[in-house]
file coords.cif (mmCIF, N, CA and C atoms)
data_work
loop_
_atom_site.label_atom_id
_atom_site.label_comp_id
_atom_site.auth_asym_id
_atom_site.auth_seq_id
_atom_site.Cartn_x
_atom_site.Cartn_y
_atom_site.Cartn_z
N MET S 1 27.08 -15.63 -14.89
CA MET S 1 27.53 -14.28 -14.62
C MET S 1 26.58 -13.61 -13.62
N SER S 2 27.14 -13.00 -12.61
CA SER S 2 26.28 -12.33 -11.63
C SER S 2 26.34 -10.82 -11.83
N LYS S 3 25.25 -10.17 -11.48
CA LYS S 3 25.16 -8.72 -11.61
C LYS S 3 25.30 -8.06 -10.26
N TYR S 4 25.78 -6.84 -10.27
CA TYR S 4 25.82 -6.03 -9.06
C TYR S 4 25.65 -4.58 -9.46
N TYR S 5 25.35 -3.74 -8.49
CA TYR S 5 25.26 -2.31 -8.76
C TYR S 5 26.08 -1.57 -7.73
N LYS S 6 26.46 -0.34 -8.10
CA LYS S 6 27.29 0.47 -7.23
C LYS S 6 27.20 1.93 -7.67
N LEU S 7 27.67 2.82 -6.81
CA LEU S 7 27.78 4.21 -7.20
C LEU S 7 28.89 4.33 -8.23
N ILE S 8 28.78 5.30 -9.13
CA ILE S 8 29.78 5.45 -10.18
C ILE S 8 31.15 5.74 -9.58
N ASP S 9 32.19 5.37 -10.30
CA ASP S 9 33.55 5.64 -9.86
C ASP S 9 33.72 7.16 -9.73
N GLY S 10 34.42 7.58 -8.72
CA GLY S 10 34.65 9.00 -8.52
C GLY S 10 33.61 9.68 -7.65
N TRP S 11 32.51 9.00 -7.36
CA TRP S 11 31.48 9.58 -6.49
C TRP S 11 31.91 9.37 -5.05
N LYS S 12 32.02 10.45 -4.29
CA LYS S 12 32.67 10.37 -2.98
C LYS S 12 31.72 10.34 -1.78
N SER S 13 30.45 10.59 -1.98
CA SER S 13 29.54 10.64 -0.83
C SER S 13 28.48 9.54 -0.93
N ALA S 14 27.99 9.14 0.23
CA ALA S 14 26.91 8.17 0.27
C ALA S 14 25.63 8.81 -0.25
N GLU S 15 24.78 8.03 -0.87
CA GLU S 15 23.51 8.53 -1.42
C GLU S 15 22.37 7.66 -0.93
N THR S 16 21.25 8.31 -0.60
CA THR S 16 20.06 7.61 -0.14
C THR S 16 18.95 7.82 -1.16
N PHE S 17 18.30 6.72 -1.55
CA PHE S 17 17.25 6.75 -2.55
C PHE S 17 15.99 6.07 -2.02
N PRO S 18 14.80 6.65 -2.26
CA PRO S 18 13.56 5.93 -1.97
C PRO S 18 13.24 5.03 -3.17
N LEU S 19 13.25 3.72 -2.96
CA LEU S 19 13.09 2.81 -4.09
C LEU S 19 12.01 1.77 -3.82
N PRO S 20 11.27 1.39 -4.87
CA PRO S 20 10.30 0.30 -4.74
C PRO S 20 10.98 -1.04 -4.95
N PHE S 21 10.51 -2.06 -4.26
CA PHE S 21 11.00 -3.41 -4.46
C PHE S 21 9.87 -4.38 -4.16
N ARG S 22 9.99 -5.59 -4.67
CA ARG S 22 8.98 -6.63 -4.42
C ARG S 22 9.40 -7.45 -3.21
N ASN S 23 8.47 -7.58 -2.26
CA ASN S 23 8.79 -8.39 -1.07
C ASN S 23 8.60 -9.87 -1.39
N ASP S 24 8.73 -10.72 -0.38
CA ASP S 24 8.66 -12.17 -0.57
C ASP S 24 7.33 -12.64 -1.15
N ARG S 25 6.27 -11.92 -0.86
CA ARG S 25 4.93 -12.30 -1.35
C ARG S 25 4.60 -11.69 -2.71
N GLY S 26 5.50 -10.86 -3.25
CA GLY S 26 5.27 -10.25 -4.56
C GLY S 26 4.65 -8.87 -4.50
N TYR S 27 4.39 -8.35 -3.31
CA TYR S 27 3.83 -7.01 -3.17
C TYR S 27 4.94 -5.96 -3.30
N ILE S 28 4.58 -4.82 -3.83
CA ILE S 28 5.56 -3.74 -3.98
C ILE S 28 5.59 -2.92 -2.70
N GLN S 29 6.79 -2.74 -2.17
CA GLN S 29 7.00 -1.91 -1.00
C GLN S 29 8.02 -0.83 -1.35
N HIS S 30 8.00 0.26 -0.59
CA HIS S 30 8.97 1.33 -0.77
C HIS S 30 9.84 1.41 0.47
N LYS S 31 11.11 1.65 0.24
CA LYS S 31 12.05 1.72 1.35
C LYS S 31 13.20 2.63 0.94
N PHE S 32 13.83 3.27 1.91
CA PHE S 32 15.01 4.08 1.63
C PHE S 32 16.25 3.18 1.66
N PHE S 33 17.05 3.26 0.61
CA PHE S 33 18.29 2.49 0.52
C PHE S 33 19.45 3.47 0.45
N THR S 34 20.48 3.24 1.25
CA THR S 34 21.68 4.07 1.24
C THR S 34 22.81 3.27 0.60
N LEU S 35 23.42 3.89 -0.41
CA LEU S 35 24.55 3.27 -1.09
C LEU S 35 25.81 4.05 -0.74
N TYR S 36 26.90 3.31 -0.52
CA TYR S 36 28.16 3.93 -0.13
C TYR S 36 29.18 3.77 -1.25
N PRO S 37 30.09 4.73 -1.39
CA PRO S 37 31.10 4.65 -2.45
C PRO S 37 31.98 3.41 -2.31
N ASN S 38 32.47 2.91 -3.43
CA ASN S 38 33.39 1.77 -3.49
C ASN S 38 32.81 0.50 -2.85
N THR S 39 31.50 0.32 -2.93
CA THR S 39 30.84 -0.86 -2.38
C THR S 39 29.95 -1.47 -3.45
N LYS S 40 30.02 -2.79 -3.60
CA LYS S 40 29.17 -3.51 -4.55
C LYS S 40 27.95 -4.06 -3.82
N TYR S 41 26.78 -3.96 -4.47
CA TYR S 41 25.53 -4.44 -3.88
C TYR S 41 24.90 -5.45 -4.82
N VAL S 42 24.32 -6.52 -4.24
CA VAL S 42 23.67 -7.54 -5.05
C VAL S 42 22.20 -7.75 -4.68
N GLU S 43 21.73 -7.16 -3.57
CA GLU S 43 20.34 -7.38 -3.18
C GLU S 43 19.37 -6.71 -4.16
N HIS S 44 18.28 -7.38 -4.44
CA HIS S 44 17.19 -6.93 -5.31
C HIS S 44 17.62 -6.73 -6.76
N VAL S 45 18.80 -7.23 -7.16
CA VAL S 45 19.27 -7.01 -8.53
C VAL S 45 18.41 -7.78 -9.55
N GLU S 46 17.66 -8.77 -9.10
CA GLU S 46 16.78 -9.52 -10.01
C GLU S 46 15.41 -8.86 -10.16
N ASP S 47 15.11 -7.85 -9.36
CA ASP S 47 13.83 -7.14 -9.41
C ASP S 47 13.92 -6.02 -10.45
N GLU S 48 13.20 -6.18 -11.57
CA GLU S 48 13.30 -5.21 -12.68
C GLU S 48 12.86 -3.81 -12.26
N LEU S 49 11.81 -3.71 -11.46
CA LEU S 49 11.30 -2.42 -11.01
C LEU S 49 12.36 -1.69 -10.17
N TYR S 50 12.98 -2.40 -9.27
CA TYR S 50 14.01 -1.84 -8.41
C TYR S 50 15.19 -1.33 -9.23
N VAL S 51 15.68 -2.15 -10.14
CA VAL S 51 16.84 -1.79 -10.95
C VAL S 51 16.52 -0.61 -11.87
N GLU S 52 15.31 -0.59 -12.43
CA GLU S 52 14.90 0.51 -13.31
C GLU S 52 14.92 1.85 -12.56
N LYS S 53 14.34 1.87 -11.36
CA LYS S 53 14.32 3.10 -10.57
C LYS S 53 15.72 3.47 -10.09
N LEU S 54 16.52 2.48 -9.78
CA LEU S 54 17.88 2.72 -9.34
C LEU S 54 18.71 3.37 -10.44
N LEU S 55 18.58 2.86 -11.66
CA LEU S 55 19.34 3.41 -12.78
C LEU S 55 18.87 4.80 -13.18
N SER S 56 17.65 5.17 -12.85
CA SER S 56 17.16 6.51 -13.19
C SER S 56 17.44 7.52 -12.08
N ALA S 57 18.07 7.08 -10.98
CA ALA S 57 18.38 7.99 -9.87
C ALA S 57 19.44 9.00 -10.32
N GLN S 58 19.13 10.28 -10.16
CA GLN S 58 20.04 11.33 -10.58
C GLN S 58 20.30 12.30 -9.45
N ARG S 59 21.44 12.93 -9.51
CA ARG S 59 21.80 14.00 -8.58
C ARG S 59 22.26 15.20 -9.39
N ALA S 60 21.92 16.39 -8.93
CA ALA S 60 22.33 17.63 -9.59
C ALA S 60 23.51 18.23 -8.83
N ILE S 61 24.57 18.53 -9.57
CA ILE S 61 25.72 19.21 -8.97
C ILE S 61 26.02 20.46 -9.78
N VAL S 62 26.62 21.43 -9.16
CA VAL S 62 26.94 22.69 -9.83
C VAL S 62 27.93 22.41 -10.96
N TYR S 63 27.67 23.03 -12.10
CA TYR S 63 28.52 22.79 -13.27
C TYR S 63 29.94 23.29 -13.02
N ASP S 64 30.88 22.43 -13.40
CA ASP S 64 32.30 22.76 -13.32
C ASP S 64 32.96 21.98 -14.46
N PRO S 65 33.75 22.63 -15.31
CA PRO S 65 34.38 21.92 -16.44
C PRO S 65 35.23 20.73 -15.99
N GLU S 66 35.88 20.83 -14.83
CA GLU S 66 36.69 19.72 -14.34
C GLU S 66 35.81 18.52 -13.97
N LYS S 67 34.65 18.79 -13.36
CA LYS S 67 33.73 17.71 -13.02
C LYS S 67 33.19 17.06 -14.29
N GLU S 68 32.90 17.88 -15.30
CA GLU S 68 32.40 17.34 -16.56
C GLU S 68 33.45 16.44 -17.21
N GLU S 69 34.70 16.85 -17.19
CA GLU S 69 35.78 16.03 -17.75
C GLU S 69 35.92 14.70 -17.00
N MET S 70 35.78 14.76 -15.67
CA MET S 70 35.87 13.55 -14.86
C MET S 70 34.74 12.59 -15.23
N LEU S 71 33.52 13.12 -15.39
CA LEU S 71 32.38 12.28 -15.76
C LEU S 71 32.57 11.68 -17.14
N LYS S 72 33.11 12.46 -18.08
CA LYS S 72 33.40 11.94 -19.43
C LYS S 72 34.42 10.83 -19.37
N SER S 73 35.47 11.02 -18.56
CA SER S 73 36.56 10.05 -18.52
C SER S 73 36.12 8.69 -17.96
N ILE S 74 35.15 8.69 -17.04
CA ILE S 74 34.69 7.41 -16.49
C ILE S 74 33.50 6.85 -17.26
N GLY S 75 32.99 7.61 -18.22
CA GLY S 75 31.87 7.13 -19.04
C GLY S 75 30.52 7.20 -18.35
N ALA S 76 30.37 8.12 -17.40
CA ALA S 76 29.11 8.27 -16.66
C ALA S 76 28.08 8.99 -17.53
N LYS S 77 26.81 8.65 -17.32
CA LYS S 77 25.73 9.34 -18.02
C LYS S 77 25.41 10.64 -17.28
N TYR S 78 25.37 11.73 -18.02
CA TYR S 78 25.05 13.02 -17.41
C TYR S 78 24.49 13.95 -18.48
N GLU S 79 23.88 15.02 -18.04
CA GLU S 79 23.43 16.06 -18.96
C GLU S 79 23.59 17.41 -18.28
N ILE S 80 23.77 18.44 -19.08
CA ILE S 80 23.92 19.79 -18.55
C ILE S 80 22.55 20.46 -18.60
N THR S 81 22.11 20.98 -17.47
CA THR S 81 20.83 21.67 -17.40
C THR S 81 21.06 23.13 -17.01
N THR S 82 20.12 23.94 -17.38
CA THR S 82 20.21 25.36 -17.03
C THR S 82 19.07 25.72 -16.09
N CYS S 83 19.26 26.78 -15.38
CA CYS S 83 18.25 27.27 -14.45
C CYS S 83 17.03 27.74 -15.24
N PRO S 84 15.84 27.22 -14.95
CA PRO S 84 14.65 27.62 -15.71
C PRO S 84 14.25 29.08 -15.45
N VAL S 85 14.65 29.63 -14.33
CA VAL S 85 14.27 30.99 -13.98
C VAL S 85 15.18 32.01 -14.66
N CYS S 86 16.49 31.79 -14.57
CA CYS S 86 17.44 32.77 -15.10
C CYS S 86 17.94 32.41 -16.49
N GLY S 87 17.49 31.31 -17.05
CA GLY S 87 17.90 30.92 -18.39
C GLY S 87 19.34 30.44 -18.46
N GLY S 88 19.91 30.07 -17.34
CA GLY S 88 21.27 29.55 -17.33
C GLY S 88 22.34 30.62 -17.22
N ARG S 89 21.94 31.88 -17.09
CA ARG S 89 22.94 32.94 -17.00
C ARG S 89 23.68 32.91 -15.67
N ARG S 90 23.02 32.45 -14.64
CA ARG S 90 23.65 32.45 -13.32
C ARG S 90 24.29 31.13 -12.97
N GLN S 91 23.58 30.03 -13.24
CA GLN S 91 24.14 28.76 -12.81
C GLN S 91 23.62 27.61 -13.66
N SER S 92 24.54 26.82 -14.15
CA SER S 92 24.20 25.58 -14.84
C SER S 92 24.52 24.43 -13.91
N LYS S 93 23.88 23.30 -14.15
CA LYS S 93 24.10 22.13 -13.31
C LYS S 93 24.35 20.91 -14.18
N LEU S 94 25.03 19.95 -13.59
CA LEU S 94 25.22 18.65 -14.20
C LEU S 94 24.25 17.68 -13.54
N LEU S 95 23.37 17.09 -14.31
CA LEU S 95 22.46 16.06 -13.82
C LEU S 95 23.13 14.72 -14.07
N VAL S 96 23.53 14.03 -13.01
CA VAL S 96 24.36 12.83 -13.12
C VAL S 96 23.58 11.60 -12.69
N ASN S 97 23.63 10.54 -13.52
CA ASN S 97 23.12 9.23 -13.10
C ASN S 97 24.22 8.61 -12.24
N VAL S 98 23.96 8.49 -10.95
CA VAL S 98 25.01 8.12 -10.01
C VAL S 98 25.15 6.63 -9.74
N VAL S 99 24.27 5.80 -10.29
CA VAL S 99 24.34 4.36 -10.05
C VAL S 99 24.52 3.65 -11.38
N GLU S 100 25.34 2.60 -11.35
CA GLU S 100 25.52 1.79 -12.55
C GLU S 100 25.39 0.31 -12.18
N VAL S 101 24.90 -0.48 -13.13
CA VAL S 101 24.77 -1.92 -12.94
C VAL S 101 25.81 -2.59 -13.83
N LYS S 102 26.54 -3.54 -13.26
CA LYS S 102 27.61 -4.21 -14.00
C LYS S 102 27.50 -5.72 -13.86
N ASP S 103 28.11 -6.41 -14.80
CA ASP S 103 28.23 -7.87 -14.75
C ASP S 103 29.63 -8.23 -14.30
N GLU S 104 29.73 -9.25 -13.45
CA GLU S 104 31.05 -9.72 -13.02
C GLU S 104 31.56 -10.74 -13.99
#

call {"tool": "encode", "arguments": {"input": "coords.cif", "output": "structure tokens"}}
result
Amino acid sequence: MSKYYKLIDGWKSAETFPLPFRNDRGYIQHKFFTLYPNTKYVEHVEDELYVEKLLSAQRAIVYDPEKEEMLKSIGAKYEITTCPVCGGRRQSKLLVNVVEVKDE
């Protein structure tokens, strides 16, 4: 069984992440990786450090009940956060884990 990673279903924009990975000699390097919607990626999937950082990549979007329902329906990991300054009275956000790793 092979593994791949991709942006979650329903995510419509490309995302760029600064991620560490191990080069051919075993040294850790950092590089910016851009992931595009509806695309499967297999590079560095065997590197535990890379996959760990990739899975913890989050994006904050303005809270909307429709967006929350969409995230629930696809089974995406998310949490609702409030503004630390205003106590959430003005604006809440959805913190979304935008990358998932799957087995084929």

call {"tool": "residues_around", "arguments": {"input": "coords.cif", "residues": "Glu100 of chain S", "least_positions_apart": "3", "cutoff": "6 Å", "atoms": "all atoms listed in the file", "output": "CSV table (one decimal) with N, CA and C atoms, keeping the file's coordinate frame"}}
result
chain,number,residue,atom,x,y,z
S,4,TYR,N,25.8,-6.8,-10.3
S,4,TYR,CA,25.8,-6.0,-9.1
S,4,TYR,C,25.6,-4.6,-9.5
S,5,TYR,N,25.4,-3.7,-8.5
S,5,TYR,CA,25.3,-2.3,-8.8
S,5,TYR,C,26.1,-1.6,-7.7
S,6,LYS,N,26.5,-0.3,-8.1
S,6,LYS,CA,27.3,0.5,-7.2
S,6,LYS,C,27.2,1.9,-7.7
S,7,LEU,N,27.7,2.8,-6.8
S,7,LEU,CA,27.8,4.2,-7.2
S,7,LEU,C,28.9,4.3,-8.2
S,8,ILE,N,28.8,5.3,-9.1
S,8,ILE,CA,29.8,5.4,-10.2
S,8,ILE,C,31.2,5.7,-9.6

call {"tool": "atom_distance", "arguments": {"input": "coords.cif", "atom1": "atom CA of Ile74 of chain S", "atom2": "atom CA of Ala14 of chain S"}}
result
18.5 Å

call {"tool": "closest_residue", "arguments": {"input": "coords.cif", "among": "S:Ser2, S:Leu95, S:Tyr63, S:Pro37", "to": "Glu15 of chain S", "atoms": "all atoms listed in the file"}}
result
S:Pro37

call {"tool": "atom_distance", "arguments": {"input": "coords.cif", "atom1": "atom N of Tyr27 of chain S", "atom2": "atom CA of His44 of chain S"}}
result
13.0 Å

call {"tool": "select_by_dssp", "arguments": {"input": "coords.cif", "residues": "segment 2-103 of chain S", "states": "strand (DSSP E or B)", "output": "PyMOL selection string"}}
result
chain S and resi 3-7+15-22+28-35+41+58-62+78-82+92-97+99-103

call {"tool": "resolve_selection", "arguments": {"input": "coords.cif", "expression": "the PyMOL selection byres (((chain S and resi 81 and name CA) around 8) and name CA)", "output": "list of chain:residue names"}}
result
S:Glu79, S:Ile80, S:Thr82, S:Cys83, S:Gly88, S:Ser92, S:Lys93, S:Leu94, S:Leu95

call {"tool": "residues_around", "arguments": {"input": "coords.cif", "residues": "Val51 of chain S", "least_positions_apart": "6", "cutoff": "10 Å", "atoms": "only C-alpha atoms", "output": "PyMOL selection string"}}
result
chain S and resi 5+19-21+44-45+57+99-101

call {"tool": "write_last_selection", "arguments": {"input": "coords.cif", "atoms": "N, CA and C atoms", "output": "short mmCIF file (atom, residue, chain, number, x, y, z; two decimals), keeping the file's coordinate frame"}}
result
data_model
loop_
_atom_site.label_atom_id
_atom_site.label_comp_id
_atom_site.auth_asym_id
_atom_site.auth_seq_id
_atom_site.Cartn_x
_atom_site.Cartn_y
_atom_site.Cartn_z
N TYR S 5 25.35 -3.74 -8.49
CA TYR S 5 25.26 -2.31 -8.76
C TYR S 5 26.08 -1.57 -7.73
N LEU S 19 13.25 3.72 -2.96
CA LEU S 19 13.09 2.81 -4.09
C LEU S 19 12.01 1.77 -3.82
N PRO S 20 11.27 1.39 -4.87
CA PRO S 20 10.30 0.30 -4.74
C PRO S 20 10.98 -1.04 -4.95
N PHE S 21 10.51 -2.06 -4.26
CA PHE S 21 11.00 -3.41 -4.46
C PHE S 21 9.87 -4.38 -4.16
N HIS S 44 18.28 -7.38 -4.44
CA HIS S 44 17.19 -6.93 -5.31
C HIS S 44 17.62 -6.73 -6.76
N VAL S 45 18.80 -7.23 -7.16
CA VAL S 45 19.27 -7.01 -8.53
C VAL S 45 18.41 -7.78 -9.55
N ALA S 57 18.07 7.08 -10.98
CA ALA S 57 18.38 7.99 -9.87
C ALA S 57 19.44 9.00 -10.32
N VAL S 99 24.27 5.80 -10.29
CA VAL S 99 24.34 4.36 -10.05
C VAL S 99 24.52 3.65 -11.38
N GLU S 100 25.34 2.60 -11.35
CA GLU S 100 25.52 1.79 -12.55
C GLU S 100 25.39 0.31 -12.18
N VAL S 101 24.90 -0.48 -13.13
CA VAL S 101 24.77 -1.92 -12.94
C VAL S 101 25.81 -2.59 -13.83
#

call {"tool": "select_by_dssp", "arguments": {"input": "coords.cif", "residues": "chain S", "states": "helix (DSSP H, G or I)", "output": "number ranges by chain"}}
result
S: 48-55, 65-74

call {"tool": "resolve_selection", "arguments": {"input": "coords.cif", "expression": "the PyMOL selection byres ((chain S and resi 32) around 5)", "output": "number ranges by chain"}}
result
S: 17-19, 30-31, 33-34

call {"tool": "atom_distance", "arguments": {"input": "coords.cif", "atom1": "atom CA of Arg59 of chain S", "atom2": "atom CA of Val96 of chain S"}}
result
5.3 Å

call {"tool": "closest_residue", "arguments": {"input": "coords.cif", "among": "S:Met70, S:Leu49, S:Ile61, S:Val42", "to": "Asp103 of chain S", "atoms": "only C-alpha atoms"}}
result
S:Val42
